[in-house]
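Novice: Okay, so here is final_26.pdb, and as you'll see once you scroll down, it has PDB, N, CA and C atoms, pLDDT in the B column.
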```
ATOM      1  N   MET A  17       8.765  41.058 -45.584  1.00 47.00           N
ATOM      2  CA  MET A  17       9.375  41.253 -44.270  1.00 47.00           C
ATOM      3  C   MET A  17      10.842  41.640 -44.436  1.00 47.00           C
ATOM      4  N   SER A  18      11.237  42.646 -43.698  1.00 83.00           N
ATOM      5  CA  SER A  18      12.591  43.173 -43.828  1.00 83.00           C
ATOM      6  C   SER A  18      13.595  42.351 -43.030  1.00 83.00           C
ATOM      7  N   ASN A  19      14.799  42.298 -43.549  1.00 93.00           N
ATOM      8  CA  ASN A  19      15.887  41.649 -42.828  1.00 93.00           C
ATOM      9  C   ASN A  19      16.617  42.621 -41.920  1.00 93.00           C
ATOM     10  N   TYR A  20      16.168  43.889 -41.899  1.00 95.00           N
ATOM     11  CA  TYR A  20      16.800  44.904 -41.078  1.00 95.00           C
ATOM     12  C   TYR A  20      15.888  45.288 -39.919  1.00 95.00           C
ATOM     13  N   ILE A  21      16.508  45.541 -38.772  1.00 95.00           N
ATOM     14  CA  ILE A  21      15.773  45.833 -37.544  1.00 95.00           C
ATOM     15  C   ILE A  21      16.286  47.154 -36.975  1.00 95.00           C
ATOM     16  N   LYS A  22      15.332  47.994 -36.543  1.00 95.00           N
ATOM     17  CA  LYS A  22      15.710  49.282 -35.941  1.00 95.00           C
ATOM     18  C   LYS A  22      16.329  49.031 -34.567  1.00 95.00           C
ATOM     19  N   VAL A  23      17.508  49.624 -34.352  1.00 96.00           N
ATOM     20  CA  VAL A  23      18.187  49.478 -33.063  1.00 96.00           C
ATOM     21  C   VAL A  23      18.319  50.794 -32.311  1.00 96.00           C
ATOM     22  N   PHE A  24      18.108  51.921 -33.024  1.00 95.00           N
ATOM     23  CA  PHE A  24      18.275  53.214 -32.374  1.00 95.00           C
ATOM     24  C   PHE A  24      17.544  54.276 -33.175  1.00 95.00           C
ATOM     25  N   SER A  25      17.021  55.277 -32.471  1.00 93.00           N
ATOM     26  CA  SER A  25      16.518  56.480 -33.142  1.00 93.00           C
ATOM     27  C   SER A  25      16.908  57.684 -32.304  1.00 93.00           C
ATOM     28  N   GLY A  26      17.259  58.759 -32.985  1.00 92.00           N
ATOM     29  CA  GLY A  26      17.676  59.958 -32.285  1.00 92.00           C
ATOM     30  C   GLY A  26      18.011  61.065 -33.249  1.00 92.00           C
ATOM     31  N   ASN A  27      18.667  62.091 -32.744  1.00 91.00           N
ATOM     32  CA  ASN A  27      19.017  63.225 -33.608  1.00 91.00           C
ATOM     33  C   ASN A  27      20.244  62.892 -34.457  1.00 91.00           C
ATOM     34  N   PHE A  28      20.532  63.768 -35.404  1.00 90.00           N
ATOM     35  CA  PHE A  28      21.597  63.551 -36.379  1.00 90.00           C
ATOM     36  C   PHE A  28      22.937  63.246 -35.716  1.00 90.00           C
ATOM     37  N   ILE A  29      23.303  64.018 -34.691  1.00 91.00           N
ATOM     38  CA  ILE A  29      24.615  63.860 -34.056  1.00 91.00           C
ATOM     39  C   ILE A  29      24.727  62.504 -33.353  1.00 91.00           C
ATOM     40  N   GLU A  30      23.699  62.130 -32.592  1.00 92.00           N
ATOM     41  CA  GLU A  30      23.715  60.825 -31.921  1.00 92.00           C
ATOM     42  C   GLU A  30      23.804  59.692 -32.930  1.00 92.00           C
ATOM     43  N   VAL A  31      23.015  59.799 -33.988  1.00 94.00           N
ATOM     44  CA  VAL A  31      22.984  58.753 -35.014  1.00 94.00           C
ATOM     45  C   VAL A  31      24.354  58.617 -35.685  1.00 94.00           C
ATOM     46  N   GLN A  32      24.983  59.732 -36.009  1.00 94.00           N
ATOM     47  CA  GLN A  32      26.299  59.667 -36.655  1.00 94.00           C
ATOM     48  C   GLN A  32      27.341  59.020 -35.741  1.00 94.00           C
ATOM     49  N   ARG A  33      27.301  59.343 -34.458  1.00 94.00           N
ATOM     50  CA  ARG A  33      28.258  58.768 -33.497  1.00 94.00           C
ATOM     51  C   ARG A  33      28.087  57.253 -33.404  1.00 94.00           C
ATOM     52  N   ILE A  34      26.841  56.820 -33.307  1.00 95.00           N
ATOM     53  CA  ILE A  34      26.570  55.380 -33.182  1.00 95.00           C
ATOM     54  C   ILE A  34      26.851  54.657 -34.487  1.00 95.00           C
ATOM     55  N   PHE A  35      26.485  55.266 -35.610  1.00 96.00           N
ATOM     56  CA  PHE A  35      26.741  54.667 -36.922  1.00 96.00           C
ATOM     57  C   PHE A  35      28.237  54.421 -37.106  1.00 96.00           C
ATOM     58  N   LYS A  36      29.056  55.404 -36.737  1.00 97.00           N
ATOM     59  CA  LYS A  36      30.515  55.271 -36.855  1.00 97.00           C
ATOM     60  C   LYS A  36      31.036  54.163 -35.947  1.00 97.00           C
ATOM     61  N   ALA A  37      30.510  54.070 -34.731  1.00 96.00           N
ATOM     62  CA  ALA A  37      30.932  53.014 -33.805  1.00 96.00           C
ATOM     63  C   ALA A  37      30.572  51.637 -34.363  1.00 96.00           C
ATOM     64  N   LEU A  38      29.415  51.519 -34.974  1.00 97.00           N
ATOM     65  CA  LEU A  38      29.015  50.246 -35.592  1.00 97.00           C
ATOM     66  C   LEU A  38      29.944  49.896 -36.757  1.00 97.00           C
ATOM     67  N   GLU A  39      30.246  50.884 -37.585  1.00 97.00           N
ATOM     68  CA  GLU A  39      31.180  50.667 -38.699  1.00 97.00           C
ATOM     69  C   GLU A  39      32.536  50.194 -38.199  1.00 97.00           C
ATOM     70  N   ASP A  40      32.992  50.780 -37.092  1.00 96.00           N
ATOM     71  CA  ASP A  40      34.313  50.453 -36.550  1.00 96.00           C
ATOM     72  C   ASP A  40      34.442  48.989 -36.149  1.00 96.00           C
ATOM     73  N   VAL A  41      33.320  48.327 -35.849  1.00 96.00           N
ATOM     74  CA  VAL A  41      33.357  46.897 -35.499  1.00 96.00           C
ATOM     75  C   VAL A  41      32.747  46.053 -36.620  1.00 96.00           C
ATOM     76  N   ASN A  42      32.751  46.621 -37.828  1.00 97.00           N
ATOM     77  CA  ASN A  42      32.315  45.925 -39.044  1.00 97.00           C
ATOM     78  C   ASN A  42      30.854  45.481 -39.033  1.00 97.00           C
ATOM     79  N   ILE A  43      30.008  46.288 -38.421  1.00 97.00           N
ATOM     80  CA  ILE A  43      28.567  46.041 -38.501  1.00 97.00           C
ATOM     81  C   ILE A  43      28.019  46.964 -39.579  1.00 97.00           C
ATOM     82  N   CYS A  44      27.346  46.378 -40.548  1.00 94.00           N
ATOM     83  CA  CYS A  44      26.775  47.135 -41.647  1.00 94.00           C
ATOM     84  C   CYS A  44      25.422  47.698 -41.210  1.00 94.00           C
ATOM     85  N   ALA A  45      25.356  49.012 -41.029  1.00 96.00           N
ATOM     86  CA  ALA A  45      24.132  49.663 -40.569  1.00 96.00           C
ATOM     87  C   ALA A  45      23.589  50.582 -41.655  1.00 96.00           C
ATOM     88  N   ILE A  46      22.301  50.866 -41.553  1.00 95.00           N
ATOM     89  CA  ILE A  46      21.626  51.759 -42.485  1.00 95.00           C
ATOM     90  C   ILE A  46      20.989  52.884 -41.680  1.00 95.00           C
ATOM     91  N   ILE A  47      21.138  54.109 -42.157  1.00 94.00           N
ATOM     92  CA  ILE A  47      20.467  55.252 -41.529  1.00 94.00           C
ATOM     93  C   ILE A  47      19.218  55.553 -42.339  1.00 94.00           C
ATOM     94  N   LYS A  48      18.102  55.634 -41.636  1.00 91.00           N
ATOM     95  CA  LYS A  48      16.826  55.923 -42.265  1.00 91.00           C
ATOM     96  C   LYS A  48      16.341  57.267 -41.740  1.00 91.00           C
ATOM     97  N   ASP A  49      16.031  58.173 -42.657  1.00 85.00           N
ATOM     98  CA  ASP A  49      15.592  59.517 -42.293  1.00 85.00           C
ATOM     99  C   ASP A  49      14.251  59.771 -42.963  1.00 85.00           C
ATOM    100  N   GLU A  50      13.164  59.502 -42.250  1.00 70.00           N
ATOM    101  CA  GLU A  50      11.819  59.650 -42.804  1.00 70.00           C
ATOM    102  C   GLU A  50      11.514  61.102 -43.162  1.00 70.00           C
ATOM    103  N   SER A  51      11.986  62.050 -42.348  1.00 63.00           N
ATOM    104  CA  SER A  51      11.673  63.452 -42.634  1.00 63.00           C
ATOM    105  C   SER A  51      12.340  63.896 -43.927  1.00 63.00           C
ATOM    106  N   GLU A  52      13.566  63.462 -44.175  1.00 55.00           N
ATOM    107  CA  GLU A  52      14.253  63.828 -45.410  1.00 55.00           C
ATOM    108  C   GLU A  52      13.594  63.155 -46.606  1.00 55.00           C
ATOM    109  N   SER A  53      13.208  61.908 -46.479  1.00 53.00           N
ATOM    110  CA  SER A  53      12.519  61.208 -47.566  1.00 53.00           C
ATOM    111  C   SER A  53      11.213  61.911 -47.896  1.00 53.00           C
ATOM    112  N   GLY A  54      10.474  62.311 -46.867  1.00 57.00           N
ATOM    113  CA  GLY A  54       9.215  63.017 -47.073  1.00 57.00           C
ATOM    114  C   GLY A  54       9.422  64.375 -47.706  1.00 57.00           C
ATOM    115  N   ARG A  55      10.451  65.077 -47.269  1.00 56.00           N
ATOM    116  CA  ARG A  55      10.740  66.399 -47.836  1.00 56.00           C
ATOM    117  C   ARG A  55      11.068  66.284 -49.315  1.00 56.00           C
ATOM    118  N   LEU A  56      11.886  65.296 -49.669  1.00 59.00           N
ATOM    119  CA  LEU A  56      12.262  65.117 -51.068  1.00 59.00           C
ATOM    120  C   LEU A  56      11.059  64.732 -51.930  1.00 59.00           C
ATOM    121  N   ALA A  57      10.094  64.051 -51.340  1.00 58.00           N
ATOM    122  CA  ALA A  57       8.895  63.644 -52.073  1.00 58.00           C
ATOM    123  C   ALA A  57       7.834  64.749 -52.083  1.00 58.00           C
ATOM    124  N   GLY A  58       8.080  65.842 -51.343  1.00 62.00           N
ATOM    125  CA  GLY A  58       7.149  66.957 -51.323  1.00 62.00           C
ATOM    126  C   GLY A  58       6.153  66.926 -50.188  1.00 62.00           C
ATOM    127  N   PHE A  59       6.384  66.084 -49.197  1.00 61.00           N
ATOM    128  CA  PHE A  59       5.494  65.991 -48.036  1.00 61.00           C
ATOM    129  C   PHE A  59       6.190  66.567 -46.812  1.00 61.00           C
ATOM    130  N   GLY A  60       5.403  67.034 -45.862  1.00 57.00           N
ATOM    131  CA  GLY A  60       5.966  67.509 -44.606  1.00 57.00           C
ATOM    132  C   GLY A  60       6.233  66.332 -43.688  1.00 57.00           C
ATOM    133  N   ALA A  61       7.010  66.567 -42.652  1.00 52.00           N
ATOM    134  CA  ALA A  61       7.302  65.517 -41.680  1.00 52.00           C
ATOM    135  C   ALA A  61       6.877  65.992 -40.299  1.00 52.00           C
ATOM    136  N   SER A  62       6.412  65.065 -39.486  1.00 53.00           N
ATOM    137  CA  SER A  62       5.951  65.431 -38.153  1.00 53.00           C
ATOM    138  C   SER A  62       7.106  65.704 -37.197  1.00 53.00           C
ATOM    139  N   ILE A  63       8.194  64.955 -37.308  1.00 53.00           N
ATOM    140  CA  ILE A  63       9.339  65.138 -36.414  1.00 53.00           C
ATOM    141  C   ILE A  63      10.575  65.403 -37.271  1.00 53.00           C
ATOM    142  N   GLN A  64      11.022  66.624 -37.269  1.00 61.00           N
ATOM    143  CA  GLN A  64      12.196  66.986 -38.058  1.00 61.00           C
ATOM    144  C   GLN A  64      13.469  66.518 -37.367  1.00 61.00           C
ATOM    145  N   GLY A  65      14.389  65.987 -38.155  1.00 68.00           N
ATOM    146  CA  GLY A  65      15.700  65.653 -37.642  1.00 68.00           C
ATOM    147  C   GLY A  65      15.820  64.320 -36.937  1.00 68.00           C
ATOM    148  N   LEU A  66      14.733  63.568 -36.812  1.00 86.00           N
ATOM    149  CA  LEU A  66      14.805  62.265 -36.159  1.00 86.00           C
ATOM    150  C   LEU A  66      15.216  61.214 -37.180  1.00 86.00           C
ATOM    151  N   GLN A  67      16.269  60.492 -36.860  1.00 92.00           N
ATOM    152  CA  GLN A  67      16.775  59.454 -37.746  1.00 92.00           C
ATOM    153  C   GLN A  67      16.796  58.124 -37.012  1.00 92.00           C
ATOM    154  N   GLU A  68      16.831  57.051 -37.799  1.00 94.00           N
ATOM    155  CA  GLU A  68      16.875  55.701 -37.230  1.00 94.00           C
ATOM    156  C   GLU A  68      18.082  54.958 -37.776  1.00 94.00           C
ATOM    157  N   ILE A  69      18.610  54.062 -36.944  1.00 96.00           N
ATOM    158  CA  ILE A  69      19.672  53.157 -37.392  1.00 96.00           C
ATOM    159  C   ILE A  69      19.080  51.759 -37.412  1.00 96.00           C
ATOM    160  N   HIS A  70      19.274  51.084 -38.538  1.00 96.00           N
ATOM    161  CA  HIS A  70      18.824  49.709 -38.706  1.00 96.00           C
ATOM    162  C   HIS A  70      20.038  48.837 -38.985  1.00 96.00           C
ATOM    163  N   VAL A  71      20.032  47.624 -38.433  1.00 97.00           N
ATOM    164  CA  VAL A  71      21.095  46.659 -38.717  1.00 97.00           C
ATOM    165  C   VAL A  71      20.455  45.369 -39.208  1.00 97.00           C
ATOM    166  N   HIS A  72      21.233  44.586 -39.920  1.00 96.00           N
ATOM    167  CA  HIS A  72      20.748  43.300 -40.405  1.00 96.00           C
ATOM    168  C   HIS A  72      20.483  42.392 -39.215  1.00 96.00           C
ATOM    169  N   LYS A  73      19.428  41.603 -39.309  1.00 96.00           N
ATOM    170  CA  LYS A  73      19.050  40.754 -38.165  1.00 96.00           C
ATOM    171  C   LYS A  73      20.166  39.798 -37.744  1.00 96.00           C
ATOM    172  N   ASP A  74      21.048  39.431 -38.675  1.00 96.00           N
ATOM    173  CA  ASP A  74      22.164  38.545 -38.325  1.00 96.00           C
ATOM    174  C   ASP A  74      23.201  39.241 -37.437  1.00 96.00           C
ATOM    175  N   GLU A  75      23.203  40.573 -37.438  1.00 97.00           N
ATOM    176  CA  GLU A  75      24.165  41.333 -36.640  1.00 97.00           C
ATOM    177  C   GLU A  75      23.519  42.003 -35.431  1.00 97.00           C
ATOM    178  N   LEU A  76      22.265  41.690 -35.174  1.00 96.00           N
ATOM    179  CA  LEU A  76      21.520  42.354 -34.109  1.00 96.00           C
ATOM    180  C   LEU A  76      22.162  42.169 -32.736  1.00 96.00           C
ATOM    181  N   ASP A  77      22.521  40.948 -32.380  1.00 96.00           N
ATOM    182  CA  ASP A  77      23.105  40.697 -31.055  1.00 96.00           C
ATOM    183  C   ASP A  77      24.391  41.497 -30.845  1.00 96.00           C
ATOM    184  N   LYS A  78      25.248  41.495 -31.836  1.00 96.00           N
ATOM    185  CA  LYS A  78      26.518  42.232 -31.758  1.00 96.00           C
ATOM    186  C   LYS A  78      26.255  43.739 -31.634  1.00 96.00           C
ATOM    187  N   ALA A  79      25.276  44.246 -32.392  1.00 97.00           N
ATOM    188  CA  ALA A  79      24.940  45.670 -32.346  1.00 97.00           C
ATOM    189  C   ALA A  79      24.371  46.058 -30.986  1.00 97.00           C
ATOM    190  N   GLU A  80      23.525  45.214 -30.411  1.00 96.00           N
ATOM    191  CA  GLU A  80      22.923  45.521 -29.111  1.00 96.00           C
ATOM    192  C   GLU A  80      23.977  45.605 -28.015  1.00 96.00           C
ATOM    193  N   VAL A  81      24.977  44.731 -28.067  1.00 95.00           N
ATOM    194  CA  VAL A  81      26.064  44.768 -27.086  1.00 95.00           C
ATOM    195  C   VAL A  81      26.813  46.103 -27.193  1.00 95.00           C
ATOM    196  N   LEU A  82      27.101  46.519 -28.415  1.00 95.00           N
ATOM    197  CA  LEU A  82      27.808  47.783 -28.618  1.00 95.00           C
ATOM    198  C   LEU A  82      26.955  48.965 -28.161  1.00 95.00           C
ATOM    199  N   LEU A  83      25.678  48.960 -28.480  1.00 95.00           N
ATOM    200  CA  LEU A  83      24.794  50.054 -28.065  1.00 95.00           C
ATOM    201  C   LEU A  83      24.705  50.145 -26.546  1.00 95.00           C
ATOM    202  N   GLU A  84      24.661  49.021 -25.875  1.00 94.00           N
ATOM    203  CA  GLU A  84      24.631  49.008 -24.407  1.00 94.00           C
ATOM    204  C   GLU A  84      25.920  49.620 -23.844  1.00 94.00           C
ATOM    205  N   LYS A  85      27.046  49.265 -24.445  1.00 93.00           N
ATOM    206  CA  LYS A  85      28.334  49.807 -24.013  1.00 93.00           C
ATOM    207  C   LYS A  85      28.377  51.319 -24.225  1.00 93.00           C
ATOM    208  N   LEU A  86      27.927  51.784 -25.396  1.00 90.00           N
ATOM    209  CA  LEU A  86      27.925  53.220 -25.685  1.00 90.00           C
ATOM    210  C   LEU A  86      26.981  53.964 -24.743  1.00 90.00           C
ATOM    211  N   SER A  87      25.870  53.354 -24.423  1.00 88.00           N
ATOM    212  CA  SER A  87      24.896  53.967 -23.530  1.00 88.00           C
ATOM    213  C   SER A  87      25.482  54.146 -22.133  1.00 88.00           C
ATOM    214  N   SER A  88      26.153  53.127 -21.621  1.00 87.00           N
ATOM    215  CA  SER A  88      26.736  53.222 -20.278  1.00 87.00           C
ATOM    216  C   SER A  88      27.878  54.222 -20.251  1.00 87.00           C
ATOM    217  N   GLU A  89      28.660  54.307 -21.331  1.00 81.00           N
ATOM    218  CA  GLU A  89      29.748  55.300 -21.395  1.00 81.00           C
ATOM    219  C   GLU A  89      29.171  56.715 -21.407  1.00 81.00           C
ATOM    220  N   SER A  90      28.068  56.901 -22.122  1.00 74.00           N
ATOM    221  CA  SER A  90      27.421  58.202 -22.204  1.00 74.00           C
ATOM    222  C   SER A  90      26.894  58.636 -20.842  1.00 74.00           C
ATOM    223  N   GLU A  91      26.329  57.720 -20.094  1.00 68.00           N
ATOM    224  CA  GLU A  91      25.802  58.026 -18.765  1.00 68.00           C
ATOM    225  C   GLU A  91      26.913  58.423 -17.815  1.00 68.00           C
ATOM    226  N   LEU A  92      28.094  57.836 -17.968  1.00 60.00           N
ATOM    227  CA  LEU A  92      29.229  58.173 -17.107  1.00 60.00           C
ATOM    228  C   LEU A  92      29.720  59.591 -17.369  1.00 60.00           C
ATOM    229  N   GLN A  93      29.593  60.063 -18.608  1.00 61.00           N
ATOM    230  CA  GLN A  93      30.089  61.386 -18.970  1.00 61.00           C
ATOM    231  C   GLN A  93      29.152  62.495 -18.520  1.00 61.00           C
ATOM    232  N   GLU A  94      27.900  62.201 -18.264  1.00 54.00           N
ATOM    233  CA  GLU A  94      26.926  63.236 -17.903  1.00 54.00           C
ATOM    234  C   GLU A  94      27.035  63.649 -16.469  1.00 54.00           C
TER     235      GLU A  94
END
```
Show me this structure written as structure tokens.
Specialist:
Amino acid sequence: MSNYIKVFSGNFIEVQRIFKALEDVNICAIIKDESESGRLAGFGASIQGLQEIHVHKDELDKAEVLLEKLSSESELQE
């Protein structure tokens, strides 16, 4: 069982923005890119460019608060 939990999935640009915001508040996050892993192993991927952000379960609550804040800010800009 993994100690990391997926908190977000999206395209490269969204993932980079959120990853940087998590880093800025000292949350250690991991970006998982199944399509790139599959490509490197010689397999095709069903969804190109979709990435996931995972955080350690001990930081999940803090990460969720930040993601909610980023989500509401994004909605205001649209």
Novice: Which residues are close to segment 69-75 of chain A, i.e. within 5 Å by all atoms listed in the file, leaving aside same-chain residues fewer than 5 positions away? Reply as a ChimeraX atom specification.
Specialist: /A:19-25,45-48
Novice: Hey, which of A:Glu50, A:Asp40, A:Val81, A:Leu66 ends up closest to Phe28 of chain A? Count all atoms listed in the file.
Specialist: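 Closest to Phe28 of chain A of all the choices is A:Leu66.
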Novice: Between A:Glu89, A:Gln67, A:Ile43, A:Glu80, which one has atoms that come closest to Asn27 of chain A, using all atoms listed in the file?
Specialist: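 Ranking A:Glu89, A:Gln67, A:Ile43, A:Glu80 by distance to Asn27 of chain A, first place goes to A:Gln67.
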Novice: Could you jot down the atom N of Leu86 of chain A to atom N of Glu68 of chain A separation for me, Å, one decimal place?
Specialist: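 Answer for the atom N of Leu86 of chain A to atom N of Glu68 of chain A separation: 17.5 Å.
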Novice: Find the residue from A:Lys85, A:Ser90, A:Ser18, A:Lys78 that sits nearest to Glu39 of chain A; use only C-alpha atoms when measuring.
Specialist: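 Of A:Lys85, A:Ser90, A:Ser18, A:Lys78, the one nearest Glu39 of chain A, counting only C-alpha atoms, is A:Lys78.
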Novice: To one decimal place, how far is atom CA of Phe35 of chain A from atom CA of Ser88 of chain A in Å?
Specialist: 16.7 Å
Novice: Draw an axis-aligned box over all listed atoms of segment 25-44 of chain A, pad each side with 3 Å, and write its centre and edge lengths in Å, one decimal, as lines of an AutoDock Vina configuration file.
Specialist:
```
center_x = 25.5
center_y = 54.7
center_z = -36.8
size_x = 23.9
size_y = 24.5
size_z = 15.7
```
Novice: Measure the distance from atom CA of Ala37 of chain A to atom C of Asp49 of chain A in Å and round it to one decimal.
Specialist: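 About the pair atom CA of Ala37 of chain A and atom C of Asp49 of chain A: they are 20.2 Å apart.
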